[in-house]
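The next block holds one structure in the form of structure tokens; read it before the comments.
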Amino acid sequence: MNYSVTNTAQNAVEVNKVIRNTYTLLSMTLVFSAIMAAVSTFVQMPPMTYLLSLGGAMLLIWLVLPRTANSATGLWVVFAITGLLGFGLGPILSQYLALSKGPQIVATAFGGTGVIFLGLSGYALTTRKNFSFMGGFLVAGLLMVLVAALANIFLAMPALSLAISAIVIMLMSGFILYDTSRMIHGGETNYLLMTVSLYLNIFNIFVHLLHILGVMSDD
Amino acid sequence: MDWMKIGWAILLIAMIAVIYPNAKRMLTDSPKAEKGDWMSVVLPILAVIGFIVLLTMLV
């Protein structure tokens, strides 16, 4: 009995440590990413920067992060991934900032992403519900969206592009609930991997909210 | 077709190739939802949809 109580207390301490470390690192990577985006916007990087940065970040996530996630090097890899993704945002931000309502659109997307993330994380943290049942649904949805996005490269349909952005925001909102719940219930104990997962959710919500707001604005 | 489109297509195909095995595994291994579980997801997602509609009206 005493052993079970000690074990539960140890688990709770362990989970709280993962949550604290994840949110601390997430805040730091978001600030770093914003600085990189500002630098990239300031130096007027060409549009191909977004594709190259995204490709580089994906290679780091697939090939380097899994091998370094349990070492100190993993921390640098996380900053490299988030820095690259932030730097890639430069050309997109430049494009939106050139519109007459551009600064308002970018600020609204930035604030909106923050509200969505804090609201959903707060919901998952306070209710402590287990959202692990959503895993299959979310990843199947993500796969379908990727196939639709691939098709739209050749079809170039604006309505499909808008629908994809709306679905991505819904899916990433679901992933925030799923990932936060994984952290609470001990499904993921590595805070570096957790930070990258949550960062990608925020990054995708921001990019697609920017797209929706850009299309829906009067500009 | 410009090389940017080819680049995006390669990146998306790579993403699909990486995600597909995980998707198959997660579809079979994910725990099944219990009664009321989906309702606890639908409500916050509806709130997100409402919030985005509000934001689109603001810009």
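Chain labels follow the order of the structure tokens: the first chain is A, the next B, and so on; residue numbering restarts at 1 in every chain, and ligands are counted from 1 in their shown order.
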
### Message
Select, as a ChimeraX atom specification, those residues of chain A with any atom no more than 7 Å from chain B (distances computed using only C-alpha atoms).
### Response
/A:51,55,105,116,132-133,135-136,139-140,143,146,150,153,170,173,213,216-217

Enumerate, as a PDB file with N, CA, C and O atoms, in the first residue's frame, the complete set of residues in chain B that a backbone-based DSSP assignment places in alpha helix (DSSP H).
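Dumped to part_19.pdb:
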ATOM      1  N   TRP B   3      10.354  24.594 -60.460  1.00  0.00           N
ATOM      2  CA  TRP B   3      11.021  23.646 -59.540  1.00  0.00           C
ATOM      3  C   TRP B   3      10.516  23.761 -58.108  1.00  0.00           C
ATOM      4  O   TRP B   3      10.629  22.815 -57.338  1.00  0.00           O
ATOM      5  N   MET B   4       9.884  24.904 -57.767  1.00  0.00           N
ATOM      6  CA  MET B   4       9.319  25.053 -56.415  1.00  0.00           C
ATOM      7  C   MET B   4       8.181  24.050 -56.209  1.00  0.00           C
ATOM      8  O   MET B   4       8.050  23.459 -55.149  1.00  0.00           O
ATOM      9  N   LYS B   5       7.367  23.883 -57.272  1.00  0.00           N
ATOM     10  CA  LYS B   5       6.254  22.926 -57.175  1.00  0.00           C
ATOM     11  C   LYS B   5       6.803  21.505 -57.020  1.00  0.00           C
ATOM     12  O   LYS B   5       6.269  20.714 -56.242  1.00  0.00           O
ATOM     13  N   ILE B   6       7.862  21.201 -57.769  1.00  0.00           N
ATOM     14  CA  ILE B   6       8.476  19.872 -57.667  1.00  0.00           C
ATOM     15  C   ILE B   6       9.041  19.675 -56.251  1.00  0.00           C
ATOM     16  O   ILE B   6       8.861  18.623 -55.641  1.00  0.00           O
ATOM     17  N   GLY B   7       9.667  20.725 -55.729  1.00  0.00           N
ATOM     18  CA  GLY B   7      10.212  20.664 -54.372  1.00  0.00           C
ATOM     19  C   GLY B   7       9.130  20.395 -53.331  1.00  0.00           C
ATOM     20  O   GLY B   7       9.286  19.535 -52.465  1.00  0.00           O
ATOM     21  N   TRP B   8       8.000  21.117 -53.448  1.00  0.00           N
ATOM     22  CA  TRP B   8       6.879  20.908 -52.511  1.00  0.00           C
ATOM     23  C   TRP B   8       6.320  19.501 -52.644  1.00  0.00           C
ATOM     24  O   TRP B   8       5.999  18.859 -51.637  1.00  0.00           O
ATOM     25  N   ALA B   9       6.203  19.013 -53.889  1.00  0.00           N
ATOM     26  CA  ALA B   9       5.667  17.669 -54.116  1.00  0.00           C
ATOM     27  C   ALA B   9       6.575  16.623 -53.470  1.00  0.00           C
ATOM     28  O   ALA B   9       6.094  15.710 -52.783  1.00  0.00           O
ATOM     29  N   ILE B  10       7.906  16.791 -53.626  1.00  0.00           N
ATOM     30  CA  ILE B  10       8.861  15.840 -53.022  1.00  0.00           C
ATOM     31  C   ILE B  10       8.729  15.852 -51.497  1.00  0.00           C
ATOM     32  O   ILE B  10       8.675  14.805 -50.853  1.00  0.00           O
ATOM     33  N   LEU B  11       8.640  17.069 -50.926  1.00  0.00           N
ATOM     34  CA  LEU B  11       8.535  17.193 -49.470  1.00  0.00           C
ATOM     35  C   LEU B  11       7.248  16.531 -48.943  1.00  0.00           C
ATOM     36  O   LEU B  11       7.271  15.798 -47.954  1.00  0.00           O
ATOM     37  N   LEU B  12       6.128  16.772 -49.649  1.00  0.00           N
ATOM     38  CA  LEU B  12       4.847  16.189 -49.205  1.00  0.00           C
ATOM     39  C   LEU B  12       4.853  14.664 -49.347  1.00  0.00           C
ATOM     40  O   LEU B  12       4.350  13.957 -48.470  1.00  0.00           O
ATOM     41  N   ILE B  13       5.449  14.163 -50.447  1.00  0.00           N
ATOM     42  CA  ILE B  13       5.527  12.706 -50.625  1.00  0.00           C
ATOM     43  C   ILE B  13       6.385  12.082 -49.508  1.00  0.00           C
ATOM     44  O   ILE B  13       6.037  11.042 -48.949  1.00  0.00           O
ATOM     45  N   ALA B  14       7.493  12.766 -49.164  1.00  0.00           N
ATOM     46  CA  ALA B  14       8.351  12.274 -48.078  1.00  0.00           C
ATOM     47  C   ALA B  14       7.577  12.249 -46.757  1.00  0.00           C
ATOM     48  O   ALA B  14       7.668  11.292 -45.986  1.00  0.00           O
ATOM     49  N   MET B  15       6.782  13.312 -46.506  1.00  0.00           N
ATOM     50  CA  MET B  15       5.987  13.372 -45.270  1.00  0.00           C
ATOM     51  C   MET B  15       4.985  12.212 -45.225  1.00  0.00           C
ATOM     52  O   MET B  15       4.835  11.547 -44.203  1.00  0.00           O
ATOM     53  N   ILE B  16       4.313  11.978 -46.372  1.00  0.00           N
ATOM     54  CA  ILE B  16       3.322  10.887 -46.438  1.00  0.00           C
ATOM     55  C   ILE B  16       4.020   9.545 -46.183  1.00  0.00           C
ATOM     56  O   ILE B  16       3.531   8.717 -45.407  1.00  0.00           O
ATOM     57  N   ALA B  17       5.198   9.359 -46.796  1.00  0.00           N
ATOM     58  CA  ALA B  17       5.936   8.099 -46.642  1.00  0.00           C
ATOM     59  C   ALA B  17       6.344   7.864 -45.185  1.00  0.00           C
ATOM     60  O   ALA B  17       6.329   6.734 -44.707  1.00  0.00           O
ATOM     61  N   VAL B  18       6.699   8.952 -44.471  1.00  0.00           N
ATOM     62  CA  VAL B  18       7.119   8.814 -43.072  1.00  0.00           C
ATOM     63  C   VAL B  18       5.906   8.586 -42.165  1.00  0.00           C
ATOM     64  O   VAL B  18       5.944   7.755 -41.253  1.00  0.00           O
ATOM     65  N   ILE B  19       4.812   9.307 -42.452  1.00  0.00           N
ATOM     66  CA  ILE B  19       3.641   9.243 -41.561  1.00  0.00           C
ATOM     67  C   ILE B  19       2.826   7.953 -41.766  1.00  0.00           C
ATOM     68  O   ILE B  19       2.268   7.425 -40.821  1.00  0.00           O
ATOM     69  N   TYR B  20       2.788   7.440 -43.011  1.00  0.00           N
ATOM     70  CA  TYR B  20       1.915   6.292 -43.328  1.00  0.00           C
ATOM     71  C   TYR B  20       2.088   5.082 -42.386  1.00  0.00           C
ATOM     72  O   TYR B  20       1.095   4.592 -41.837  1.00  0.00           O
ATOM     73  N   PRO B  21       3.351   4.600 -42.146  1.00  0.00           N
ATOM     74  CA  PRO B  21       3.482   3.440 -41.235  1.00  0.00           C
ATOM     75  C   PRO B  21       2.986   3.758 -39.824  1.00  0.00           C
ATOM     76  O   PRO B  21       2.345   2.910 -39.188  1.00  0.00           O
ATOM     77  N   ASN B  22       3.261   5.006 -39.353  1.00  0.00           N
ATOM     78  CA  ASN B  22       2.789   5.395 -38.016  1.00  0.00           C
ATOM     79  C   ASN B  22       1.270   5.453 -37.969  1.00  0.00           C
ATOM     80  O   ASN B  22       0.651   5.077 -36.977  1.00  0.00           O
ATOM     81  N   ALA B  23       0.678   5.943 -39.081  1.00  0.00           N
ATOM     82  CA  ALA B  23      -0.782   6.052 -39.140  1.00  0.00           C
ATOM     83  C   ALA B  23      -1.411   4.662 -39.043  1.00  0.00           C
ATOM     84  O   ALA B  23      -2.380   4.458 -38.310  1.00  0.00           O
ATOM     85  N   LYS B  24      -0.828   3.702 -39.780  1.00  0.00           N
ATOM     86  CA  LYS B  24      -1.361   2.332 -39.771  1.00  0.00           C
ATOM     87  C   LYS B  24      -1.285   1.729 -38.370  1.00  0.00           C
ATOM     88  O   LYS B  24      -2.235   1.134 -37.877  1.00  0.00           O
ATOM     89  N   ARG B  25      -0.118   1.967 -37.718  1.00  0.00           N
ATOM     90  CA  ARG B  25       0.093   1.416 -36.363  1.00  0.00           C
ATOM     91  C   ARG B  25      -0.861   2.076 -35.367  1.00  0.00           C
ATOM     92  O   ARG B  25      -1.500   1.406 -34.563  1.00  0.00           O
ATOM     93  N   MET B  26      -0.982   3.422 -35.471  1.00  0.00           N
ATOM     94  CA  MET B  26      -1.825   4.141 -34.514  1.00  0.00           C
ATOM     95  C   MET B  26      -3.299   3.802 -34.692  1.00  0.00           C
ATOM     96  O   MET B  26      -4.059   3.782 -33.726  1.00  0.00           O
ATOM     97  N   LEU B  27      -3.706   3.545 -35.950  1.00  0.00           N
ATOM     98  CA  LEU B  27      -5.112   3.200 -36.193  1.00  0.00           C
ATOM     99  C   LEU B  27      -5.483   1.883 -35.518  1.00  0.00           C
ATOM    100  O   LEU B  27      -6.601   1.710 -35.038  1.00  0.00           O
ATOM    101  N   THR B  28      -4.523   0.946 -35.466  1.00  0.00           N
ATOM    102  CA  THR B  28      -4.826  -0.345 -34.839  1.00  0.00           C
ATOM    103  C   THR B  28      -4.570  -0.327 -33.330  1.00  0.00           C
ATOM    104  O   THR B  28      -5.284  -0.976 -32.575  1.00  0.00           O
ATOM    105  N   ASP B  29      -3.553   0.448 -32.894  1.00  0.00           N
ATOM    106  CA  ASP B  29      -3.159   0.415 -31.479  1.00  0.00           C
ATOM    107  C   ASP B  29      -3.880   1.421 -30.585  1.00  0.00           C
ATOM    108  O   ASP B  29      -3.862   1.270 -29.366  1.00  0.00           O
ATOM    109  N   MET B  39     -17.460  13.898 -27.197  1.00  0.00           N
ATOM    110  CA  MET B  39     -18.126  15.150 -26.845  1.00  0.00           C
ATOM    111  C   MET B  39     -17.128  16.108 -26.185  1.00  0.00           C
ATOM    112  O   MET B  39     -17.166  17.323 -26.406  1.00  0.00           O
ATOM    113  N   SER B  40     -16.180  15.548 -25.412  1.00  0.00           N
ATOM    114  CA  SER B  40     -15.188  16.391 -24.744  1.00  0.00           C
ATOM    115  C   SER B  40     -14.170  16.969 -25.733  1.00  0.00           C
ATOM    116  O   SER B  40     -13.399  17.856 -25.389  1.00  0.00           O
ATOM    117  N   VAL B  41     -14.160  16.445 -26.967  1.00  0.00           N
ATOM    118  CA  VAL B  41     -13.280  16.986 -28.019  1.00  0.00           C
ATOM    119  C   VAL B  41     -14.059  17.972 -28.887  1.00  0.00           C
ATOM    120  O   VAL B  41     -13.548  19.030 -29.254  1.00  0.00           O
ATOM    121  N   VAL B  42     -15.312  17.599 -29.187  1.00  0.00           N
ATOM    122  CA  VAL B  42     -16.136  18.411 -30.099  1.00  0.00           C
ATOM    123  C   VAL B  42     -16.338  19.828 -29.543  1.00  0.00           C
ATOM    124  O   VAL B  42     -16.224  20.804 -30.288  1.00  0.00           O
ATOM    125  N   LEU B  43     -16.578  19.932 -28.243  1.00  0.00           N
ATOM    126  CA  LEU B  43     -16.855  21.253 -27.661  1.00  0.00           C
ATOM    127  C   LEU B  43     -15.690  22.237 -27.811  1.00  0.00           C
ATOM    128  O   LEU B  43     -15.889  23.333 -28.342  1.00  0.00           O
ATOM    129  N   PRO B  44     -14.446  21.862 -27.420  1.00  0.00           N
ATOM    130  CA  PRO B  44     -13.344  22.820 -27.639  1.00  0.00           C
ATOM    131  C   PRO B  44     -13.069  23.104 -29.111  1.00  0.00           C
ATOM    132  O   PRO B  44     -12.709  24.231 -29.466  1.00  0.00           O
ATOM    133  N   ILE B  45     -13.268  22.096 -29.982  1.00  0.00           N
ATOM    134  CA  ILE B  45     -13.015  22.313 -31.416  1.00  0.00           C
ATOM    135  C   ILE B  45     -14.063  23.289 -31.974  1.00  0.00           C
ATOM    136  O   ILE B  45     -13.737  24.167 -32.784  1.00  0.00           O
ATOM    137  N   LEU B  46     -15.300  23.154 -31.517  1.00  0.00           N
ATOM    138  CA  LEU B  46     -16.341  24.105 -31.938  1.00  0.00           C
ATOM    139  C   LEU B  46     -15.995  25.521 -31.462  1.00  0.00           C
ATOM    140  O   LEU B  46     -16.223  26.504 -32.176  1.00  0.00           O
ATOM    141  N   ALA B  47     -15.430  25.596 -30.263  1.00  0.00           N
ATOM    142  CA  ALA B  47     -15.006  26.902 -29.734  1.00  0.00           C
ATOM    143  C   ALA B  47     -13.907  27.502 -30.624  1.00  0.00           C
ATOM    144  O   ALA B  47     -13.911  28.703 -30.902  1.00  0.00           O
ATOM    145  N   VAL B  48     -12.986  26.646 -31.094  1.00  0.00           N
ATOM    146  CA  VAL B  48     -11.912  27.114 -31.988  1.00  0.00           C
ATOM    147  C   VAL B  48     -12.517  27.621 -33.297  1.00  0.00           C
ATOM    148  O   VAL B  48     -12.143  28.698 -33.789  1.00  0.00           O
ATOM    149  N   ILE B  49     -13.483  26.872 -33.852  1.00  0.00           N
ATOM    150  CA  ILE B  49     -14.134  27.288 -35.112  1.00  0.00           C
ATOM    151  C   ILE B  49     -14.804  28.650 -34.918  1.00  0.00           C
ATOM    152  O   ILE B  49     -14.624  29.563 -35.731  1.00  0.00           O
ATOM    153  N   GLY B  50     -15.542  28.795 -33.822  1.00  0.00           N
ATOM    154  CA  GLY B  50     -16.223  30.065 -33.532  1.00  0.00           C
ATOM    155  C   GLY B  50     -15.229  31.208 -33.401  1.00  0.00           C
ATOM    156  O   GLY B  50     -15.462  32.308 -33.907  1.00  0.00           O
ATOM    157  N   PHE B  51     -14.112  30.922 -32.745  1.00  0.00           N
ATOM    158  CA  PHE B  51     -13.078  31.945 -32.535  1.00  0.00           C
ATOM    159  C   PHE B  51     -12.474  32.381 -33.873  1.00  0.00           C
ATOM    160  O   PHE B  51     -12.259  33.578 -34.101  1.00  0.00           O
ATOM    161  N   ILE B  52     -12.238  31.415 -34.778  1.00  0.00           N
ATOM    162  CA  ILE B  52     -11.651  31.758 -36.089  1.00  0.00           C
ATOM    163  C   ILE B  52     -12.648  32.590 -36.913  1.00  0.00           C
ATOM    164  O   ILE B  52     -12.251  33.548 -37.585  1.00  0.00           O
ATOM    165  N   VAL B  53     -13.923  32.232 -36.839  1.00  0.00           N
ATOM    166  CA  VAL B  53     -14.951  33.018 -37.539  1.00  0.00           C
ATOM    167  C   VAL B  53     -14.915  34.461 -37.025  1.00  0.00           C
ATOM    168  O   VAL B  53     -14.966  35.415 -37.799  1.00  0.00           O
ATOM    169  N   LEU B  54     -14.797  34.598 -35.701  1.00  0.00           N
ATOM    170  CA  LEU B  54     -14.720  35.930 -35.088  1.00  0.00           C
ATOM    171  C   LEU B  54     -13.496  36.702 -35.609  1.00  0.00           C
ATOM    172  O   LEU B  54     -13.584  37.887 -35.946  1.00  0.00           O
ATOM    173  N   LEU B  55     -12.361  36.001 -35.677  1.00  0.00           N
ATOM    174  CA  LEU B  55     -11.123  36.658 -36.150  1.00  0.00           C
ATOM    175  C   LEU B  55     -11.262  37.109 -37.605  1.00  0.00           C
ATOM    176  O   LEU B  55     -10.796  38.197 -37.957  1.00  0.00           O
ATOM    177  N   THR B  56     -11.903  36.282 -38.438  1.00  0.00           N
ATOM    178  CA  THR B  56     -12.056  36.648 -39.858  1.00  0.00           C
ATOM    179  C   THR B  56     -12.943  37.895 -39.993  1.00  0.00           C
ATOM    180  O   THR B  56     -12.774  38.678 -40.925  1.00  0.00           O
ATOM    181  N   MET B  57     -13.871  38.061 -39.043  1.00  0.00           N
ATOM    182  CA  MET B  57     -14.728  39.254 -39.104  1.00  0.00           C
ATOM    183  C   MET B  57     -13.975  40.504 -38.632  1.00  0.00           C
ATOM    184  O   MET B  57     -14.352  41.624 -38.950  1.00  0.00           O
ATOM    185  N   LEU B  58     -12.918  40.287 -37.855  1.00  0.00           N
ATOM    186  CA  LEU B  58     -12.146  41.428 -37.317  1.00  0.00           C
ATOM    187  C   LEU B  58     -11.182  42.017 -38.336  1.00  0.00           C
ATOM    188  O   LEU B  58     -10.829  43.187 -38.241  1.00  0.00           O
TER     189      LEU B  58
END

### Query
Do you know which residues are at most 7 Å from region 71-84 of chain A counting only C-alpha atoms, after dropping those on the same chain fewer than 4 positions away, and could you put them as a list of chain:residue names?
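Non-adjacent residues within range: A:Thr29, A:Phe32, A:Ser33, A:Met36, A:Ser53, A:Ala57, A:Leu60, A:Leu65, A:Gly88, A:Leu192, A:Val196.
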
Keeping only N, CA, C and O atoms, write the selected residues to a file as a JSON list (two decimals), in the first residue's frame.
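Result file follows (selection-v4.json):
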[["chain", "number", "residue", "atom", "x", "y", "z"],
["A", 29, "THR", "N", 11.88, 28.45, -27.32],
["A", 29, "THR", "CA", 11.97, 28.17, -28.76],
["A", 29, "THR", "C", 11.04, 29.11, -29.56],
["A", 29, "THR", "O", 11.38, 29.49, -30.67],
["A", 32, "PHE", "N", 12.88, 32.40, -29.78],
["A", 32, "PHE", "CA", 13.99, 32.24, -30.72],
["A", 32, "PHE", "C", 13.47, 32.20, -32.16],
["A", 32, "PHE", "O", 14.02, 32.84, -33.06],
["A", 33, "SER", "N", 12.38, 31.46, -32.34],
["A", 33, "SER", "CA", 11.77, 31.33, -33.67],
["A", 33, "SER", "C", 11.27, 32.69, -34.18],
["A", 33, "SER", "O", 11.43, 33.02, -35.36],
["A", 36, "MET", "N", 14.22, 34.72, -35.31],
["A", 36, "MET", "CA", 14.69, 34.23, -36.62],
["A", 36, "MET", "C", 13.76, 34.69, -37.75],
["A", 36, "MET", "O", 14.21, 35.05, -38.84],
["A", 53, "SER", "N", 13.80, 25.68, -45.68],
["A", 53, "SER", "CA", 13.81, 25.62, -44.21],
["A", 53, "SER", "C", 12.93, 24.48, -43.70],
["A", 53, "SER", "O", 13.32, 23.74, -42.80],
["A", 57, "ALA", "N", 14.23, 21.33, -41.66],
["A", 57, "ALA", "CA", 13.68, 21.04, -40.33],
["A", 57, "ALA", "C", 13.11, 19.61, -40.29],
["A", 57, "ALA", "O", 13.29, 18.90, -39.29],
["A", 60, "LEU", "N", 15.87, 17.12, -39.94],
["A", 60, "LEU", "CA", 16.37, 17.10, -38.56],
["A", 60, "LEU", "C", 15.40, 16.32, -37.66],
["A", 60, "LEU", "O", 15.82, 15.54, -36.81],
["A", 65, "LEU", "N", 16.83, 14.17, -34.60],
["A", 65, "LEU", "CA", 16.19, 14.27, -33.27],
["A", 65, "LEU", "C", 16.00, 12.92, -32.57],
["A", 65, "LEU", "O", 16.30, 12.81, -31.38],
["A", 88, "GLY", "N", 12.20, 30.30, -41.95],
["A", 88, "GLY", "CA", 11.41, 30.02, -43.16],
["A", 88, "GLY", "C", 10.16, 30.87, -43.27],
["A", 88, "GLY", "O", 9.63, 31.08, -44.37],
["A", 192, "LEU", "N", 12.01, 17.08, -24.78],
["A", 192, "LEU", "CA", 12.49, 17.62, -26.06],
["A", 192, "LEU", "C", 11.52, 17.22, -27.18],
["A", 192, "LEU", "O", 11.12, 18.05, -28.01],
["A", 196, "VAL", "N", 8.95, 19.74, -29.42],
["A", 196, "VAL", "CA", 8.89, 19.80, -30.88],
["A", 196, "VAL", "C", 7.46, 19.51, -31.37],
["A", 196, "VAL", "O", 6.96, 20.19, -32.27]]

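The coordinates place CA of Ile19 (chain A) at 26.7 Å from CA of Leu54 (chain A).
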